[in-house]
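Engineer: One structure, pasted below without further comment.
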Amino acid sequence: MTELLQNLIDGLGRGSIYALLALGVAVIFGVMHLLNFAHGEMITVSGYATLWAINQGWSWIAIVPLILVVSVVTSLVIERLAFSRVRGASDFTMLLTSFGVHFLVSAVFLLYVSASVKNFNRPSWVSNTFSVGSLNVEVFDSIVIAITAVTLVLTTLLLQRTMFGLSLRAAAADFDTARLMGVNSDSVIRGAFALSGLLAGIAGVFWLMRAGSTTPSAGIDPMLKGVLAALIGGLGSLRGAVLGGFALGLAEVLLRSWLPDGIASLTEGVVFALIALFFIFRPGGLVKVATAERV
Amino acid sequence: MFQRTGRDIIAPFGGALALFALLLGGGLLYETLVGTGSAERLVTIMLIDAIVVIGIQIYVGNTGILSFGHIGFGAIAGYVFAVLAIAPAEKAKRIPDAPFGLADVDMNNWLALLIAVGVVLVVAVIIGIGLARSEAESGAVAATVITLALLFVTHEVARNWPDLTGGDRAGLSFKIGGSLDSRIPILLALFATILIARLYAVSRSGRLAVAAREDNLAARAMGVNPLVQQMAALLISVAIVSVGSGLRVYETGSILPDNFFFDYAVLTLVMLIVGGRNSVTGAVLGVAVMTIGRELTRRLGQDGFEVFGIGLDEAPLDWVFRENLQTVFLGLSMLGFMIWRPKGLLDDWELDAWAHRRFAGTDEQQPEPLPELDKAPAALLKADGIDVRFGGFQALQNAGVTAASGEIVGIIGPNGAGKTTLVNVLTGMVEPTAGTFAIDGEDLSSKQSFELARTGLVRTFQNLRLFGSLTVRENVEIAAMVAQEHRDGRVHRDPDALIAEAGLWAHRDRRARELDYGNSRRLELARAAAMAPSFMLLDEPTSGMSDSESVAMIEQVRHMAATVGAGVLVIDHDLNFITGISDRIYVLDQGEVIAEGTPDEVQADDRVQAAYLGSAAHA
């Protein structure tokens with residue numbers, strides 16, 4: 001029982017980060033039907049920004065806003081340079097464009113920055129824990145869970161209560177109609193990328209604090225988690241994406257503790273395999289989105 | 001399986017031979033000119049890459065689904081092959097503890113390759129079901145993510161199961177000198193690959209897969225089950241990729257997890273898209289172009305700005321041209337082509353199809369006009385009590401229609417009356433909340449759209465859904481192919497004759513998307529007729545047409561239906577057209593049938609005048 005509770009807390013912490021990433025992926029998918037394989041690049045770029053800042057002697061207090069800004073700017077720049085040119089193109093073109101962005105960014109860092117893993121100091125409190133009864137809770141996990149909860153509430157308010165949120169949801173429901181109703185597609189899309197970049201930035205802060213290192217291909221892992229979680233949740237559903245993130249986090253932690261020692265190193269592989277199975281039985285994801293095609 | 005011997009068998013054979021000769025000839029020429037061992041190796045690698053890339057093309061090109069997973073399948077094949085084919089003495093060094101006694105297996109290379117293909121096919125069937133189901137439910141995007149996940153799974157497993165794979169660093173190796181010493185197997189495999197790819201593309205399965213790529217919904221409405229064709233394409237495709245991967249491992253003499261991961265997946269995909277993913281010729285061209293481009297950038301990276309002895313020493317650009325410049329080049333190629341030329345250099349241009357059109361297709365005679373059937377095969381369509389509710393909106397309420405073969409039944413009503421919804425129900429695109437429909441008493445209400453098309457309910461679309469990048473002739477042929485298999489006992493008309501009847505003979509080799517509105521509508525009609533339907537359901541066949549075209553359409557619809565013996569259910573809001581064409585008319589208003597009868601009876605009905613015709617008459 002204690003072990004299960006412990007796992008649930010760990011899984012919630014991990015799932016929070018995935019949920020933020022997945023939500024960012026889902027927001028973009030909503031407004032332009034683009035599944036963003038470059039979603040991890042915000043974290044790659046932020047990672048190198050963090051590395052630079054730490055070498056300059058910045059403290060984490062100052063680095064957190066830096067990461068958020070870098071992440072939003074990166075997201076907007078990628079939109080401007082690449083995605084704005086393939087709006088309305090086929091799924092194939094958009095998917096490969098986003099993948100191309102991912103590949104190019106990591107190739108550029110590999111070539112012109114460094115091929116090796118770069119380490120930086122993590123905040124000293126990251127691995128501190130406190131006890132609640134017989135449970136050991138990481139300070140870090142509890143902060144992650146709390147900030148994610150606040151972020152999700154604020155995002156919900158933003159989407160439900162503001163004009164921007166309304167246009168974004170309208171565009172997600174039916175982009176063409178929303179445009180006919182006077183929603184400015186340019187600003188909605190840019191707003192979506194800014195929001196997605198901000199969410200990735202928050203996730204990135206946690207990710208980088210935990211990892212304490214960056215590499216040219218550091219974006220793959222968070223991208224994959226975000227994209228898979230969005231898919232598990234049901235493509236096109238924001239609520240589903242968040243659910244998918246938590247589900248993925250929990251699944252990883254639980255599997256790691258349940259799998260026998262011999263194949264514990266294969267956890268990732270098993271998770272992927274389970275996801276593939278999941279799609280055979282529930283191809284629409286957790287939250288099914290009605291996609292009526294006009295005929 | 002193939003429609004025309006000349007076009008679909010002989011021409012692809014010649015085309016495959018020509019492509020094979022061009023690629024090999026170019027490679028040999030380069031080898032002779034440069035004359036180094038590394039040039040020879042580069043050409044060998046290019047030939048193997050060509051096998052893998054064309055293998056991927058069979059799936060990606062014909063189905064339109066982006067797959068990263070083929071390299072994952074390649075990894076599985078590569079490891080199975082390596083584990084089986086490497087001599088026990090070598091395995092004892094790397095993987096003495098391999099499970100299932102695999103460390104002691106001593107197997108012939110060919111048998112090992114065959115088993116590798118077999119294993120991959122089994123995995124592909126399972127993955128294929130997942131792909132098909134999620135594609136049907138959430139679109140091609142979901143399928144792509146699954147393929148990406150597959151790539152990661154295989155990589156993760158290969159890295160973390162050292163007992164079997166030798167792990168991340170050591171990997172598996174054949175003994176020195178044990179690897180490929182002759183190109184013959186590669187050449188044989190390459191030629192077979194090109195030939196199979198071309199033949200598949202023009203085969204029945206290939207053409208149906210392409211139809212679904214062009215317009216999934218329209219393909220299903222023409223009786224195509226895309227999932228079956230996609231599975232066929234996947235299996236052929238991964239079998240070839242497996243052979244290519246086995247050869248790649250053997251040629252390299254070793255295998256590491258990273259050999260079959262991101263870099264190779266990206267390289268092969270870029271090769272595919274640069275040439276043009278929808279064409280085998282494009283895949284071959286892409287392999288050549290990218291091999292050359294990569295070799296140039298590699299040298300550029302290695303030798304700085306000084307390429308082939310030309311350039312400046314200590315040039316300021318030296319810092320740009322670094323080792324591994326190829327990866328940046330790959331990324332730029334991928335992005336650049338997606339943004340500026342997403343269909344690649346050749347789009348769907350094929351060498352053999354072009355040659356066949358150019359040199360063999362000139363003496364075609366316009367077919368004779370088709371006779372009308374004296375007596376249409378009897379059939380009765382009956383829909384009863386159909387309710388459709390979208391959320392709180394009642395689109396159809398207790399609607400019922402009947403139509404008999406040889407009869408033209410019109411359905412008229414104002415916008416939003418539920419006309420298109422009714423057609424959608426009868427063709428399986430909207431599920432009715434209540435009610436049933438049947439042909440000759442056989443209940444059809446729970447069937448999917450492709451099954452309904454096969455039982456004879458064939459529709460056209462108000463907003464035109466042709467297979468845009470296919471020619472007029474291919475559009476009609478696809479329907480005829482489905483009809484041949486599923487419409488026994490009906491009169492099948494020659495596709496060319498139907499094209500001529502639709503007045504499209506002069507346009508027969510043009511792409512459907514190049515046609516104007518009127519011609520597109522007539523092509524939809526001819527395509528529907530080619531299905532040998534029991535009933536044609538025409539959704540506003542005259543929308544966007546001029547008055548004179550509409551009048552001509554009356555005769556065309558009537559005649560086309562009579563030549564294949566189909567009944568017609570036609571929707572329109574053009575009163576003149578409907579009264580001009582119909583034997584009987586149903587009037588729909590707000591989801592309900594409010595009147596039924598001959599054109600004269602309906603026009604005289606008070607309720608109809610009030611609800612619809614009245615306002616039209618006073619307008």
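By order of appearance in the structure tokens: chains A, B, ..., then residues from 1 within every chain, and ligands from 1 in the order shown.
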Any chance you could tabulate, as JSON lines, the residues of chain A at most 8 Å from chain B with each one's nearest atom pair and distance in Å to one decimal, using only C-alpha atoms, in chain and rising number order?
Structural biologist:
{"residue": "A:Leu35", "atom": "CA", "partner": "B:Val141", "partner_atom": "CA", "distance": 7.1}
{"residue": "A:Ala82", "atom": "CA", "partner": "B:Ile339", "partner_atom": "CA", "distance": 7.4}
{"residue": "A:Arg85", "atom": "CA", "partner": "B:Ile339", "partner_atom": "CA", "distance": 6.2}
{"residue": "A:Val86", "atom": "CA", "partner": "B:Ile339", "partner_atom": "CA", "distance": 6.1}
{"residue": "A:Asp91", "atom": "CA", "partner": "B:Val141", "partner_atom": "CA", "distance": 6.6}
{"residue": "A:Phe92", "atom": "CA", "partner": "B:Leu66", "partner_atom": "CA", "distance": 5.9}
{"residue": "A:Thr93", "atom": "CA", "partner": "B:Met338", "partner_atom": "CA", "distance": 5.6}
{"residue": "A:Met94", "atom": "CA", "partner": "B:Met338", "partner_atom": "CA", "distance": 7.8}
{"residue": "A:Leu95", "atom": "CA", "partner": "B:Val141", "partner_atom": "CA", "distance": 7.7}
{"residue": "A:Leu96", "atom": "CA", "partner": "B:Met338", "partner_atom": "CA", "distance": 7.0}
{"residue": "A:Thr97", "atom": "CA", "partner": "B:Leu335", "partner_atom": "CA", "distance": 5.5}
{"residue": "A:Gly100", "atom": "CA", "partner": "B:Leu335", "partner_atom": "CA", "distance": 5.2}
{"residue": "A:Val101", "atom": "CA", "partner": "B:Leu335", "partner_atom": "CA", "distance": 6.9}
{"residue": "A:Phe103", "atom": "CA", "partner": "B:Gly331", "partner_atom": "CA", "distance": 5.7}
{"residue": "A:Leu104", "atom": "CA", "partner": "B:Gly331", "partner_atom": "CA", "distance": 4.5}
{"residue": "A:Ala107", "atom": "CA", "partner": "B:Val328", "partner_atom": "CA", "distance": 5.4}
{"residue": "A:Val108", "atom": "CA", "partner": "B:Val328", "partner_atom": "CA", "distance": 6.4}
{"residue": "A:Leu111", "atom": "CA", "partner": "B:Asn324", "partner_atom": "CA", "distance": 6.8}
{"residue": "A:Val227", "atom": "CA", "partner": "B:Val145", "partner_atom": "CA", "distance": 7.8}
{"residue": "A:Leu228", "atom": "CA", "partner": "B:Val145", "partner_atom": "CA", "distance": 7.3}
{"residue": "A:Leu231", "atom": "CA", "partner": "B:Ala142", "partner_atom": "CA", "distance": 6.9}
{"residue": "A:Leu235", "atom": "CA", "partner": "B:Ser138", "partner_atom": "CA", "distance": 7.1}
{"residue": "A:Ser265", "atom": "CA", "partner": "B:Asn160", "partner_atom": "CA", "distance": 6.1}
{"residue": "A:Leu266", "atom": "CA", "partner": "B:Asn160", "partner_atom": "CA", "distance": 6.1}
{"residue": "A:Glu268", "atom": "CA", "partner": "B:Glu156", "partner_atom": "CA", "distance": 6.9}
{"residue": "A:Gly269", "atom": "CA", "partner": "B:Val153", "partner_atom": "CA", "distance": 4.7}
{"residue": "A:Val270", "atom": "CA", "partner": "B:Val153", "partner_atom": "CA", "distance": 7.8}
{"residue": "A:Phe272", "atom": "CA", "partner": "B:Val153", "partner_atom": "CA", "distance": 6.1}
{"residue": "A:Ala273", "atom": "CA", "partner": "B:Val153", "partner_atom": "CA", "distance": 7.1}
{"residue": "A:Ala276", "atom": "CA", "partner": "B:Ile146", "partner_atom": "CA", "distance": 6.6}
{"residue": "A:Leu277", "atom": "CA", "partner": "B:Gly130", "partner_atom": "CA", "distance": 7.2}
{"residue": "A:Phe279", "atom": "CA", "partner": "B:Gly130", "partner_atom": "CA", "distance": 5.9}
{"residue": "A:Ile280", "atom": "CA", "partner": "B:Gly130", "partner_atom": "CA", "distance": 4.4}
{"residue": "A:Arg282", "atom": "CA", "partner": "B:Ser134", "partner_atom": "CA", "distance": 8.0}
{"residue": "A:Pro283", "atom": "CA", "partner": "B:Ser134", "partner_atom": "CA", "distance": 4.3}
{"residue": "A:Gly284", "atom": "CA", "partner": "B:Glu137", "partner_atom": "CA", "distance": 5.5}
{"residue": "A:Val295", "atom": "CA", "partner": "B:Phe461", "partner_atom": "CA", "distance": 6.7}
Engineer: Can you list, as a VMD selection string, every residue of region 14-261 of chain A that DSSP puts in alpha helix (DSSP H)?
Structural biologist: chain A and resid 14 to 32 41 to 55 60 to 81 91 to 112 139 to 161 163 to 173 175 to 180 185 to 211 220 to 233 238 to 258
Engineer: List the spatial neighbours of region 184-189 of chain B as a PyMOL selection string - criterion: any atom at most 10 Å away, only C-alpha atoms, same-chain residues fewer than 3 positions off excluded.
Structural biologist: chain B and resi 20+24+44-45+47-48+51+180-181+192-195+240+243-244+247-248+251
Engineer: Any chance you can output those residues with C-alpha atoms as a tab-separated table (two decimals), in the first residue's frame?
Structural biologist:
chain	number	residue	atom	x	y	z
B	20	PHE	CA	18.12	-0.32	-62.62
B	24	LEU	CA	23.95	0.98	-61.65
B	44	THR	CA	27.59	-0.38	-52.95
B	45	ILE	CA	25.97	1.50	-50.08
B	47	LEU	CA	22.60	0.38	-54.18
B	48	ILE	CA	21.58	-1.02	-50.80
B	51	ILE	CA	16.52	-1.19	-51.99
B	180	LEU	CA	29.70	-9.57	-48.68
B	181	ASP	CA	32.38	-9.98	-51.33
B	192	ALA	CA	13.56	-7.31	-58.04
B	193	THR	CA	12.74	-4.43	-55.71
B	194	ILE	CA	12.27	-1.88	-58.48
B	195	LEU	CA	10.17	-4.32	-60.46
B	240	ILE	CA	11.75	-5.57	-49.08
B	243	VAL	CA	16.02	-7.82	-47.33
B	244	GLY	CA	17.74	-4.47	-47.82
B	247	LEU	CA	22.21	-6.91	-47.00
B	248	ARG	CA	23.22	-3.70	-45.25
B	251	GLU	CA	27.90	-5.56	-46.28
Engineer: Per DSSP on the backbone, filter region 33-269 of chain A down to the residues in strand (DSSP E or B) and report them as a list in words.
Structural biologist: Lys118, Asn119, Thr129, Phe130, Ser131, Val132, Leu135, Asn136, Val137, Glu138, Ser213 and Thr214 of chain A
Engineer: So that I can see what lies close to His70 (chain B), please list as a count of residues only the residues with an atom at most 9 Å from it, counting only C-alpha atoms and leaving out residues fewer than 5 positions away in the same chain.
Structural biologist: 12
Engineer: Could you list, as JSON, numbers by chain, every residue within 6 Å of region 172-187 of chain A, counting only C-alpha atoms and ignoring same-chain residues fewer than 4 positions away?
Structural biologist: {"A": [30, 31, 191]}
Engineer: Let's have the selection written as a CSV table (one decimal), in the first residue's frame, with C-alpha atoms.
Structural biologist:
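The result, written out as selection_32.csv:
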chain,number,residue,atom,x,y,z
A,30,GLY,CA,-6.0,22.1,-32.4
A,31,VAL,CA,-5.2,25.3,-34.4
A,191,GLY,CA,-0.8,33.0,-29.8
Engineer: CA of Ser124 (chain A) and CA of Trp58 (chain A), how far apart in Å?
Structural biologist: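 Separating CA of Trp58 (chain A) from CA of Ser124 (chain A) is a distance of 14.2 Å.
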Engineer: Skip region 360-376 of chain B itself and residues of its chain fewer than 4 positions away, then list as a ChimeraX atom specification all residues within 12 Å of it, counting only C-alpha atoms.
Structural biologist: /B:4,6-7,10-11,352-356,380,404-407,489-509,532-535,556,558-568
Engineer: Please list as a PyMOL selection string every residue within 9 Å of Asn7 (chain A), counting only C-alpha atoms and excluding residues in the same chain fewer than 3 positions away.
Structural biologist: chain A and resi 2-4+10-12+250+253-254+257
